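Structure data follow from run.tsv (TSV, N, CA and C atoms):
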chain	number	residue	atom	x	y	z
A	1	MET	N	-11.78	-8.35	-18.60
A	1	MET	CA	-11.07	-9.51	-18.10
A	1	MET	C	-10.54	-9.26	-16.69
A	2	LYS	N	-10.02	-8.05	-16.46
A	2	LYS	CA	-9.47	-7.71	-15.16
A	2	LYS	C	-10.56	-7.75	-14.09
A	3	LYS	N	-11.75	-7.26	-14.42
A	3	LYS	CA	-12.86	-7.27	-13.47
A	3	LYS	C	-13.28	-8.69	-13.13
A	4	ILE	N	-13.26	-9.56	-14.12
A	4	ILE	CA	-13.63	-10.96	-13.89
A	4	ILE	C	-12.62	-11.62	-12.97
A	5	ALA	N	-11.33	-11.36	-13.21
A	5	ALA	CA	-10.28	-11.94	-12.37
A	5	ALA	C	-10.41	-11.45	-10.93
A	6	LEU	N	-10.68	-10.15	-10.74
A	6	LEU	CA	-10.87	-9.62	-9.39
A	6	LEU	C	-12.10	-10.21	-8.73
A	7	PHE	N	-13.18	-10.40	-9.50
A	7	PHE	CA	-14.39	-10.99	-8.95
A	7	PHE	C	-14.14	-12.43	-8.50
A	8	VAL	N	-13.46	-13.21	-9.33
A	8	VAL	CA	-13.15	-14.60	-8.98
A	8	VAL	C	-12.24	-14.63	-7.75
A	9	PHE	N	-11.28	-13.73	-7.70
A	9	PHE	CA	-10.38	-13.64	-6.55
A	9	PHE	C	-11.16	-13.30	-5.28
A	10	ALA	N	-12.04	-12.32	-5.35
A	10	ALA	CA	-12.85	-11.92	-4.19
A	10	ALA	C	-13.77	-13.05	-3.76
A	11	LEU	N	-14.34	-13.76	-4.72
A	11	LEU	CA	-15.20	-14.89	-4.40
A	11	LEU	C	-14.41	-15.99	-3.70
A	12	PHE	N	-13.24	-16.28	-4.22
A	12	PHE	CA	-12.38	-17.28	-3.60
A	12	PHE	C	-12.02	-16.90	-2.17
A	13	MET	N	-11.68	-15.64	-1.97
A	13	MET	CA	-11.30	-15.18	-0.63
A	13	MET	C	-12.49	-15.21	0.32
A	14	SER	N	-13.69	-14.91	-0.16
A	14	SER	CA	-14.86	-14.94	0.72
A	14	SER	C	-15.21	-16.37	1.11
A	15	ILE	N	-14.93	-17.32	0.23
A	15	ILE	CA	-15.16	-18.72	0.56
A	15	ILE	C	-14.18	-19.17	1.64
A	16	MET	N	-12.97	-18.67	1.59
A	16	MET	CA	-11.97	-19.02	2.59
A	16	MET	C	-12.41	-18.55	3.97
A	17	GLY	N	-13.11	-17.44	4.05
A	17	GLY	CA	-13.71	-16.98	5.29
A	17	GLY	C	-12.82	-16.17	6.20
A	18	GLN	N	-11.61	-16.57	6.45
A	18	GLN	CA	-10.75	-15.91	7.43
A	18	GLN	C	-10.06	-14.66	6.88
A	19	ALA	N	-9.86	-14.59	5.61
A	19	ALA	CA	-9.08	-13.50	5.02
A	19	ALA	C	-9.76	-12.16	5.21
A	20	GLU	N	-8.96	-11.15	5.55
A	20	GLU	CA	-9.44	-9.78	5.70
A	20	GLU	C	-8.76	-8.90	4.67
A	21	LYS	N	-9.52	-8.01	4.08
A	21	LYS	CA	-8.95	-7.06	3.12
A	21	LYS	C	-8.24	-5.96	3.90
A	22	ILE	N	-7.06	-5.59	3.44
A	22	ILE	CA	-6.30	-4.51	4.07
A	22	ILE	C	-6.69	-3.20	3.40
A	23	ASP	N	-7.07	-2.22	4.21
A	23	ASP	CA	-7.40	-0.89	3.68
A	23	ASP	C	-6.13	-0.05	3.62
A	24	PHE	N	-5.85	0.50	2.44
A	24	PHE	CA	-4.65	1.29	2.23
A	24	PHE	C	-5.01	2.75	1.96
A	25	THR	N	-4.14	3.65	2.42
A	25	THR	CA	-4.19	5.04	2.01
A	25	THR	C	-3.05	5.25	1.03
A	26	CYS	N	-3.21	6.21	0.14
A	26	CYS	CA	-2.22	6.45	-0.90
A	26	CYS	C	-1.58	7.81	-0.70
A	27	ASN	N	-0.26	7.86	-0.80
A	27	ASN	CA	0.49	9.10	-0.71
A	27	ASN	C	1.63	9.07	-1.71
A	28	GLY	N	2.04	10.24	-2.13
A	28	GLY	CA	3.26	10.33	-2.92
A	28	GLY	C	4.43	10.32	-1.96
A	29	VAL	N	5.57	9.85	-2.39
A	29	VAL	CA	6.75	9.85	-1.53
A	29	VAL	C	7.46	11.19	-1.63
A	30	ASP	N	8.35	11.45	-0.67
A	30	ASP	CA	8.99	12.76	-0.56
A	30	ASP	C	9.74	13.20	-1.81
A	31	ASP	N	10.35	12.25	-2.52
A	31	ASP	CA	11.14	12.63	-3.70
A	31	ASP	C	10.33	12.59	-5.00
A	32	MET	N	8.99	12.66	-4.87
A	32	MET	CA	8.12	12.63	-6.05
A	32	MET	C	8.30	13.93	-6.86
A	33	PRO	N	8.53	13.82	-8.16
A	33	PRO	CA	8.71	15.03	-8.96
A	33	PRO	C	7.42	15.86	-9.02
A	34	VAL	N	7.59	17.16	-9.09
A	34	VAL	CA	6.46	18.08	-9.17
A	34	VAL	C	6.22	18.42	-10.63
A	35	GLY	N	4.95	18.54	-11.01
A	35	GLY	CA	4.64	18.94	-12.38
A	35	GLY	C	3.76	17.94	-13.07
A	36	ASN	N	3.70	18.06	-14.37
A	36	ASN	CA	2.87	17.16	-15.17
A	36	ASN	C	3.46	15.76	-15.19
A	37	GLY	N	2.69	14.84	-15.69
A	37	GLY	CA	3.16	13.48	-15.77
A	37	GLY	C	2.35	12.52	-14.93
A	38	HIS	N	1.53	13.06	-14.03
A	38	HIS	CA	0.68	12.23	-13.20
A	38	HIS	C	-0.77	12.57	-13.51
A	39	GLY	N	-1.60	11.54	-13.63
A	39	GLY	CA	-3.00	11.76	-13.91
A	39	GLY	C	-3.69	12.48	-12.76
A	40	LYS	N	-4.87	13.03	-13.03
A	40	LYS	CA	-5.61	13.76	-12.01
A	40	LYS	C	-6.46	12.82	-11.15
A	41	ALA	N	-6.73	11.63	-11.65
A	41	ALA	CA	-7.51	10.67	-10.87
A	41	ALA	C	-6.63	10.13	-9.74
A	42	PRO	N	-7.23	9.85	-8.59
A	42	PRO	CA	-6.42	9.30	-7.50
A	42	PRO	C	-5.91	7.91	-7.84
A	43	MET	N	-4.76	7.58	-7.30
A	43	MET	CA	-4.17	6.27	-7.52
A	43	MET	C	-5.02	5.22	-6.81
A	44	ARG	N	-5.31	4.13	-7.48
A	44	ARG	CA	-6.12	3.07	-6.88
A	44	ARG	C	-5.26	2.24	-5.94
A	45	PRO	N	-5.73	2.01	-4.72
A	45	PRO	CA	-4.93	1.22	-3.79
A	45	PRO	C	-4.88	-0.25	-4.21
A	46	PRO	N	-3.85	-0.96	-3.81
A	46	PRO	CA	-3.74	-2.38	-4.16
A	46	PRO	C	-4.80	-3.20	-3.44
A	47	VAL	N	-5.15	-4.35	-4.01
A	47	VAL	CA	-6.09	-5.28	-3.39
A	47	VAL	C	-5.25	-6.39	-2.75
A	48	VAL	N	-5.22	-6.36	-1.40
A	48	VAL	CA	-4.42	-7.31	-0.64
A	48	VAL	C	-5.25	-7.82	0.52
A	49	TYR	N	-5.21	-9.13	0.72
A	49	TYR	CA	-5.90	-9.77	1.84
A	49	TYR	C	-4.88	-10.40	2.77
A	50	ILE	N	-5.21	-10.47	4.06
A	50	ILE	CA	-4.34	-11.14	5.01
A	50	ILE	C	-5.13	-12.25	5.70
A	51	ASP	N	-4.49	-13.40	5.80
A	51	ASP	CA	-5.05	-14.55	6.50
A	51	ASP	C	-3.91	-15.16	7.30
A	52	ASP	N	-3.96	-14.99	8.62
A	52	ASP	CA	-2.89	-15.44	9.51
A	52	ASP	C	-1.61	-14.70	9.11
A	53	TYR	N	-0.59	-15.38	8.63
A	53	TYR	CA	0.66	-14.72	8.24
A	53	TYR	C	0.85	-14.68	6.73
A	54	THR	N	-0.22	-14.88	5.97
A	54	THR	CA	-0.14	-14.90	4.52
A	54	THR	C	-0.82	-13.68	3.92
A	55	LEU	N	-0.07	-12.93	3.13
A	55	LEU	CA	-0.63	-11.82	2.35
A	55	LEU	C	-0.94	-12.36	0.96
A	56	THR	N	-2.16	-12.10	0.48
A	56	THR	CA	-2.56	-12.53	-0.85
A	56	THR	C	-2.87	-11.30	-1.69
A	57	PHE	N	-2.18	-11.18	-2.81
A	57	PHE	CA	-2.32	-10.04	-3.71
A	57	PHE	C	-3.24	-10.41	-4.87
A	58	ALA	N	-3.91	-9.39	-5.43
A	58	ALA	CA	-4.72	-9.59	-6.62
A	58	ALA	C	-3.83	-10.17	-7.72
A	59	VAL	N	-4.43	-10.94	-8.60
A	59	VAL	CA	-3.68	-11.65	-9.63
A	59	VAL	C	-2.88	-10.69	-10.51
A	60	ASP	N	-3.46	-9.57	-10.87
A	60	ASP	CA	-2.83	-8.64	-11.80
A	60	ASP	C	-2.36	-7.40	-11.04
A	61	HIS	N	-1.13	-7.41	-10.55
A	61	HIS	CA	-0.61	-6.26	-9.80
A	61	HIS	C	0.81	-5.93	-10.25
A	62	PRO	N	1.25	-4.69	-10.02
A	62	PRO	CA	2.63	-4.33	-10.36
A	62	PRO	C	3.61	-4.81	-9.29
A	63	ASP	N	4.89	-4.61	-9.53
A	63	ASP	CA	5.89	-4.91	-8.51
A	63	ASP	C	5.76	-3.91	-7.36
A	64	TYR	N	5.93	-4.40	-6.13
A	64	TYR	CA	5.89	-3.54	-4.94
A	64	TYR	C	7.10	-3.82	-4.08
A	65	ASP	N	7.59	-2.80	-3.38
A	65	ASP	CA	8.52	-2.97	-2.28
A	65	ASP	C	7.68	-3.01	-1.03
A	66	LEU	N	7.71	-4.12	-0.30
A	66	LEU	CA	6.90	-4.33	0.89
A	66	LEU	C	7.75	-4.09	2.13
A	67	THR	N	7.23	-3.27	3.05
A	67	THR	CA	7.90	-3.00	4.32
A	67	THR	C	6.88	-3.15	5.44
A	68	ILE	N	7.26	-3.87	6.49
A	68	ILE	CA	6.45	-4.00	7.69
A	68	ILE	C	7.18	-3.27	8.81
A	69	LYS	N	6.46	-2.35	9.48
A	69	LYS	CA	7.06	-1.56	10.56
A	69	LYS	C	6.33	-1.83	11.87
A	70	GLY	N	7.10	-1.88	12.96
A	70	GLY	CA	6.53	-2.06	14.28
A	70	GLY	C	5.92	-0.77	14.81
A	71	GLU	N	5.37	-0.83	16.03
A	71	GLU	CA	4.72	0.34	16.63
A	71	GLU	C	5.66	1.52	16.80
A	72	ASP	N	6.95	1.24	16.98
A	72	ASP	CA	7.93	2.32	17.15
A	72	ASP	C	8.48	2.83	15.82
A	73	GLY	N	7.99	2.29	14.70
A	73	GLY	CA	8.42	2.73	13.38
A	73	GLY	C	9.63	1.99	12.84
A	74	ASP	N	10.18	1.06	13.62
A	74	ASP	CA	11.33	0.28	13.15
A	74	ASP	C	10.88	-0.75	12.11
A	75	VAL	N	11.70	-0.93	11.08
A	75	VAL	CA	11.41	-1.91	10.04
A	75	VAL	C	11.70	-3.31	10.60
A	76	VAL	N	10.69	-4.19	10.54
A	76	VAL	CA	10.85	-5.56	11.05
A	76	VAL	C	10.88	-6.59	9.92
A	77	PHE	N	10.45	-6.19	8.71
A	77	PHE	CA	10.45	-7.10	7.57
A	77	PHE	C	10.38	-6.28	6.30
A	78	THR	N	11.13	-6.71	5.29
A	78	THR	CA	11.08	-6.05	4.00
A	78	THR	C	11.37	-7.07	2.89
A	79	THR	N	10.70	-6.91	1.77
A	79	THR	CA	10.91	-7.77	0.61
A	79	THR	C	10.35	-7.08	-0.62
A	80	THR	N	10.63	-7.63	-1.78
A	80	THR	CA	10.04	-7.16	-3.02
A	80	THR	C	8.98	-8.17	-3.44
A	81	VAL	N	7.80	-7.67	-3.77
A	81	VAL	CA	6.72	-8.53	-4.26
A	81	VAL	C	6.64	-8.30	-5.77
A	82	PHE	N	7.06	-9.29	-6.53
A	82	PHE	CA	7.06	-9.16	-7.98
A	82	PHE	C	5.66	-9.39	-8.54
A	83	SER	N	5.41	-8.88	-9.72
A	83	SER	CA	4.08	-8.97	-10.33
A	83	SER	C	3.66	-10.41	-10.59
A	84	THR	N	4.59	-11.34	-10.59
A	84	THR	CA	4.28	-12.75	-10.82
A	84	THR	C	3.89	-13.47	-9.53
A	85	GLU	N	4.06	-12.82	-8.38
A	85	GLU	CA	3.74	-13.44	-7.09
A	85	GLU	C	2.36	-13.01	-6.63
A	86	THR	N	1.62	-13.94	-6.06
A	86	THR	CA	0.31	-13.60	-5.50
A	86	THR	C	0.27	-13.77	-3.98
A	87	GLN	N	1.29	-14.40	-3.40
A	87	GLN	CA	1.31	-14.58	-1.95
A	87	GLN	C	2.68	-14.29	-1.37
A	88	VAL	N	2.67	-13.73	-0.16
A	88	VAL	CA	3.88	-13.50	0.61
A	88	VAL	C	3.60	-14.03	2.01
A	89	ILE	N	4.52	-14.84	2.53
A	89	ILE	CA	4.40	-15.37	3.88
A	89	ILE	C	5.24	-14.49	4.80
A	90	LEU	N	4.59	-13.92	5.81
A	90	LEU	CA	5.29	-13.09	6.79
A	90	LEU	C	5.90	-13.98	7.87
A	91	PRO	N	6.98	-13.51	8.53
A	91	PRO	CA	7.60	-14.32	9.58
A	91	PRO	C	6.62	-14.58	10.73
A	92	SER	N	6.57	-15.83	11.19
A	92	SER	CA	5.66	-16.19	12.27
A	92	SER	C	6.12	-15.66	13.62
A	93	THR	N	7.30	-15.07	13.67
A	93	THR	CA	7.80	-14.48	14.92
A	93	THR	C	7.15	-13.12	15.20
A	94	LEU	N	6.48	-12.54	14.22
A	94	LEU	CA	5.82	-11.25	14.41
A	94	LEU	C	4.51	-11.44	15.16
A	95	SER	N	4.24	-10.52	16.08
A	95	SER	CA	3.00	-10.59	16.85
A	95	SER	C	2.61	-9.18	17.27
A	96	GLY	N	1.35	-8.81	17.04
A	96	GLY	CA	0.87	-7.49	17.41
A	96	GLY	C	0.38	-6.71	16.20
A	97	GLU	N	0.30	-5.38	16.36
A	97	GLU	CA	-0.16	-4.52	15.27
A	97	GLU	C	1.05	-3.92	14.55
A	98	TYR	N	0.96	-3.93	13.21
A	98	TYR	CA	2.05	-3.44	12.38
A	98	TYR	C	1.53	-2.54	11.28
A	99	GLU	N	2.40	-1.64	10.83
A	99	GLU	CA	2.11	-0.82	9.67
A	99	GLU	C	2.67	-1.54	8.45
A	100	ILE	N	1.86	-1.68	7.42
A	100	ILE	CA	2.30	-2.30	6.17
A	100	ILE	C	2.40	-1.20	5.12
A	101	GLU	N	3.51	-1.20	4.41
A	101	GLU	CA	3.75	-0.17	3.40
A	101	GLU	C	4.12	-0.86	2.09
A	102	LEU	N	3.42	-0.49	1.04
A	102	LEU	CA	3.74	-0.96	-0.31
A	102	LEU	C	4.17	0.25	-1.12
A	103	ARG	N	5.34	0.18	-1.70
A	103	ARG	CA	5.83	1.29	-2.51
A	103	ARG	C	5.95	0.83	-3.96
A	104	MET	N	5.40	1.68	-4.84
A	104	MET	CA	5.44	1.42	-6.28
A	104	MET	C	5.90	2.71	-6.94
A	105	GLY	N	7.16	2.77	-7.30
A	105	GLY	CA	7.70	3.99	-7.89
A	105	GLY	C	7.59	5.16	-6.92
A	106	TYR	N	6.88	6.21	-7.33
A	106	TYR	CA	6.73	7.40	-6.49
A	106	TYR	C	5.49	7.32	-5.61
A	107	TRP	N	4.81	6.19	-5.56
A	107	TRP	CA	3.58	6.06	-4.78
A	107	TRP	C	3.80	5.13	-3.60
A	108	LYS	N	3.21	5.50	-2.46
A	108	LYS	CA	3.32	4.70	-1.25
A	108	LYS	C	1.92	4.43	-0.72
A	109	PHE	N	1.62	3.17	-0.46
A	109	PHE	CA	0.33	2.75	0.09
A	109	PHE	C	0.56	2.24	1.50
A	110	THR	N	-0.19	2.78	2.46
A	110	THR	CA	0.01	2.45	3.86
A	110	THR	C	-1.26	1.88	4.46
A	111	GLY	N	-1.13	0.82	5.24
A	111	GLY	CA	-2.25	0.21	5.94
A	111	GLY	C	-1.77	-0.39	7.25
A	112	TYR	N	-2.67	-1.05	7.97
A	112	TYR	CA	-2.33	-1.66	9.25
A	112	TYR	C	-2.82	-3.09	9.28
A	113	ILE	N	-2.02	-3.96	9.89
A	113	ILE	CA	-2.37	-5.36	10.03
A	113	ILE	C	-2.16	-5.79	11.47
A	114	ASN	N	-2.90	-6.81	11.87
A	114	ASN	CA	-2.77	-7.39	13.19
A	114	ASN	C	-2.37	-8.85	13.03
A	115	LEU	N	-1.27	-9.22	13.66
A	115	LEU	CA	-0.76	-10.60	13.55
A	115	LEU	C	-0.82	-11.28	14.91
Take the structure in the file and write it out as structure tokens.
Amino acid sequence: MKKIALFVFALFMSIMGQAEKIDFTCNGVDDMPVGNGHGKAPMRPPVVYIDDYTLTFAVDHPDYDLTIKGEDGDVVFTTTVFSTETQVILPSTLSGEYEIELRMGYWKFTGYINL
């Protein structure tokens, strides 16, 4: 069922034409506990598309803390994306290249967007 939902989502986004998929890298955060409790498989990055100032998340995703940082590393926007939300509208006052960070527990996903 999850694969079908992702396929329908990807098909919908490809029909829209303008949306770009954001490529994320995955890292553990500094206060991540050491030891057992984490699987050996790498954490799968979230599926997020950007179209203008709209971020669109895959239908079935966990809660994320979203942070947007400017070129100097200063935080310019932050919010929580709950699992029930599929879209987040970024402020239209932002312009340029930004780092996007999604944090889920002890995992941090980092990518770059151009607005």
Rank A:Asn27, A:Lys21, A:Gly70, A:Leu90 by their smallest atom-to-atom distance to Phe57 (chain A), using only C-alpha atoms, and report the top residue only.
A:Lys21
Neighbour list for region 79-83 of chain A as a ChimeraX atom specification, cut-off 5 Å, all atoms listed in the file, skip fewer than 5 positions in-chain:
/A:61-66
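Between Asn114 (chain A) and the residues A:Pro91, A:Asp72, A:Asp52, A:Leu102, the shortest atom-to-atom distance, using all atoms listed in the file, involves A:Asp52.
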Could you check how far atom N of Arg44 (chain A) sits from atom C of Glu99 (chain A), in Å to one decimal?
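Atom C of Glu99 (chain A) lies 18.7 Å from atom N of Arg44 (chain A).
Counting only C-alpha atoms and comparing A:Cys26, A:Ala19, A:Thr67, A:Pro46, the residue that lies closest to Glu101 (chain A) is A:Thr67.
Atom C of Val75 (chain A) sits 20.5 Å away from CA of Thr56 (chain A).
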Counting only C-alpha atoms, find residues at most 10 Å from (-5.9, -13.3, 3.1) (file frame) and give them as a PyMOL selection string.
chain A and resi 13-14+16-22+48-57+87
Expressed in Å to a single decimal, how great is the separation between atom C of Thr84 (chain A) and CA of Glu71 (chain A)?
29.6 Å
I need every residue sitting at most 6 Å from the point (-6.0, 1.7, 4.2) (coordinates as in the file, all atoms listed in the file considered), written as a PDB file with N, CA and C atoms, in the frame of the given file.
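That gives us result_31.pdb:
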ATOM      1  N   ILE A  22      -7.060  -5.590   3.440  1.00  0.00           N
ATOM      2  CA  ILE A  22      -6.300  -4.510   4.070  1.00  0.00           C
ATOM      3  C   ILE A  22      -6.690  -3.200   3.400  1.00  0.00           C
ATOM      4  N   ASP A  23      -7.070  -2.220   4.210  1.00  0.00           N
ATOM      5  CA  ASP A  23      -7.400  -0.890   3.680  1.00  0.00           C
ATOM      6  C   ASP A  23      -6.130  -0.050   3.620  1.00  0.00           C
ATOM      7  N   PHE A  24      -5.850   0.500   2.440  1.00  0.00           N
ATOM      8  CA  PHE A  24      -4.650   1.290   2.230  1.00  0.00           C
ATOM      9  C   PHE A  24      -5.010   2.750   1.960  1.00  0.00           C
ATOM     10  N   THR A  25      -4.140   3.650   2.420  1.00  0.00           N
ATOM     11  CA  THR A  25      -4.190   5.040   2.010  1.00  0.00           C
ATOM     12  C   THR A  25      -3.050   5.250   1.030  1.00  0.00           C
ATOM     13  N   THR A 110      -0.190   2.780   2.460  1.00  0.00           N
ATOM     14  CA  THR A 110       0.010   2.450   3.860  1.00  0.00           C
ATOM     15  C   THR A 110      -1.260   1.880   4.460  1.00  0.00           C
ATOM     16  N   GLY A 111      -1.130   0.820   5.240  1.00  0.00           N
ATOM     17  CA  GLY A 111      -2.250   0.210   5.940  1.00  0.00           C
ATOM     18  C   GLY A 111      -1.770  -0.390   7.250  1.00  0.00           C
ATOM     19  N   TYR A 112      -2.670  -1.050   7.970  1.00  0.00           N
ATOM     20  CA  TYR A 112      -2.330  -1.660   9.250  1.00  0.00           C
ATOM     21  C   TYR A 112      -2.820  -3.090   9.280  1.00  0.00           C
TER      22      TYR A 112
END
Name the residues of region 11-115 of chain A that come out as alpha helix (DSSP H) in a backbone DSSP run; write them as an NGL selection string.
:A and (11-16)
How big is the axis-aligned box around the listed atoms of region 53-56 of chain A once 4 Å is added on each side, and where is its centre? Give both in Å to one decimal, as AutoDock Vina command-line options.
--center_x -1.0 --center_y -13.3 --center_z 3.5 --size_x 11.7 --size_y 12.1 --size_z 18.3
Add whatever atoms are absent from region 46-59 of chain A to reach N, CA, C and O atoms, and provide the output as a short mmCIF file (atom, residue, chain, number, x, y, z; two decimals), in the coordinates of the input.
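Contents of part.cif, as written:
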data_model
loop_
_atom_site.label_atom_id
_atom_site.label_comp_id
_atom_site.auth_asym_id
_atom_site.auth_seq_id
_atom_site.Cartn_x
_atom_site.Cartn_y
_atom_site.Cartn_z
N PRO A 46 -3.85 -0.96 -3.81
CA PRO A 46 -3.74 -2.38 -4.16
C PRO A 46 -4.80 -3.20 -3.44
O PRO A 46 -5.30 -2.82 -2.38
N VAL A 47 -5.15 -4.35 -4.01
CA VAL A 47 -6.09 -5.28 -3.39
C VAL A 47 -5.25 -6.39 -2.75
O VAL A 47 -4.63 -7.20 -3.43
N VAL A 48 -5.22 -6.36 -1.40
CA VAL A 48 -4.42 -7.31 -0.64
C VAL A 48 -5.25 -7.82 0.52
O VAL A 48 -5.91 -7.04 1.21
N TYR A 49 -5.21 -9.13 0.72
CA TYR A 49 -5.90 -9.77 1.84
C TYR A 49 -4.88 -10.40 2.77
O TYR A 49 -3.80 -10.81 2.32
N ILE A 50 -5.21 -10.47 4.06
CA ILE A 50 -4.34 -11.14 5.01
C ILE A 50 -5.13 -12.25 5.70
O ILE A 50 -6.28 -12.06 6.10
N ASP A 51 -4.49 -13.40 5.80
CA ASP A 51 -5.05 -14.55 6.50
C ASP A 51 -3.91 -15.16 7.30
O ASP A 51 -2.98 -15.73 6.72
N ASP A 52 -3.96 -14.99 8.62
CA ASP A 52 -2.89 -15.44 9.51
C ASP A 52 -1.61 -14.70 9.11
O ASP A 52 -1.56 -13.48 9.23
N TYR A 53 -0.59 -15.38 8.63
CA TYR A 53 0.66 -14.72 8.24
C TYR A 53 0.85 -14.68 6.73
O TYR A 53 1.95 -14.45 6.25
N THR A 54 -0.22 -14.88 5.97
CA THR A 54 -0.14 -14.90 4.52
C THR A 54 -0.82 -13.68 3.92
O THR A 54 -1.99 -13.43 4.18
N LEU A 55 -0.07 -12.93 3.13
CA LEU A 55 -0.63 -11.82 2.35
C LEU A 55 -0.94 -12.36 0.96
O LEU A 55 -0.10 -13.00 0.33
N THR A 56 -2.16 -12.10 0.48
CA THR A 56 -2.56 -12.53 -0.85
C THR A 56 -2.87 -11.30 -1.69
O THR A 56 -3.70 -10.49 -1.32
N PHE A 57 -2.18 -11.18 -2.81
CA PHE A 57 -2.32 -10.04 -3.71
C PHE A 57 -3.24 -10.41 -4.87
O PHE A 57 -3.32 -11.56 -5.27
N ALA A 58 -3.91 -9.39 -5.43
CA ALA A 58 -4.72 -9.59 -6.62
C ALA A 58 -3.83 -10.17 -7.72
O ALA A 58 -2.63 -9.92 -7.76
N VAL A 59 -4.43 -10.94 -8.60
CA VAL A 59 -3.68 -11.65 -9.63
C VAL A 59 -2.88 -10.69 -10.51
O VAL A 59 -1.74 -10.95 -10.86
#
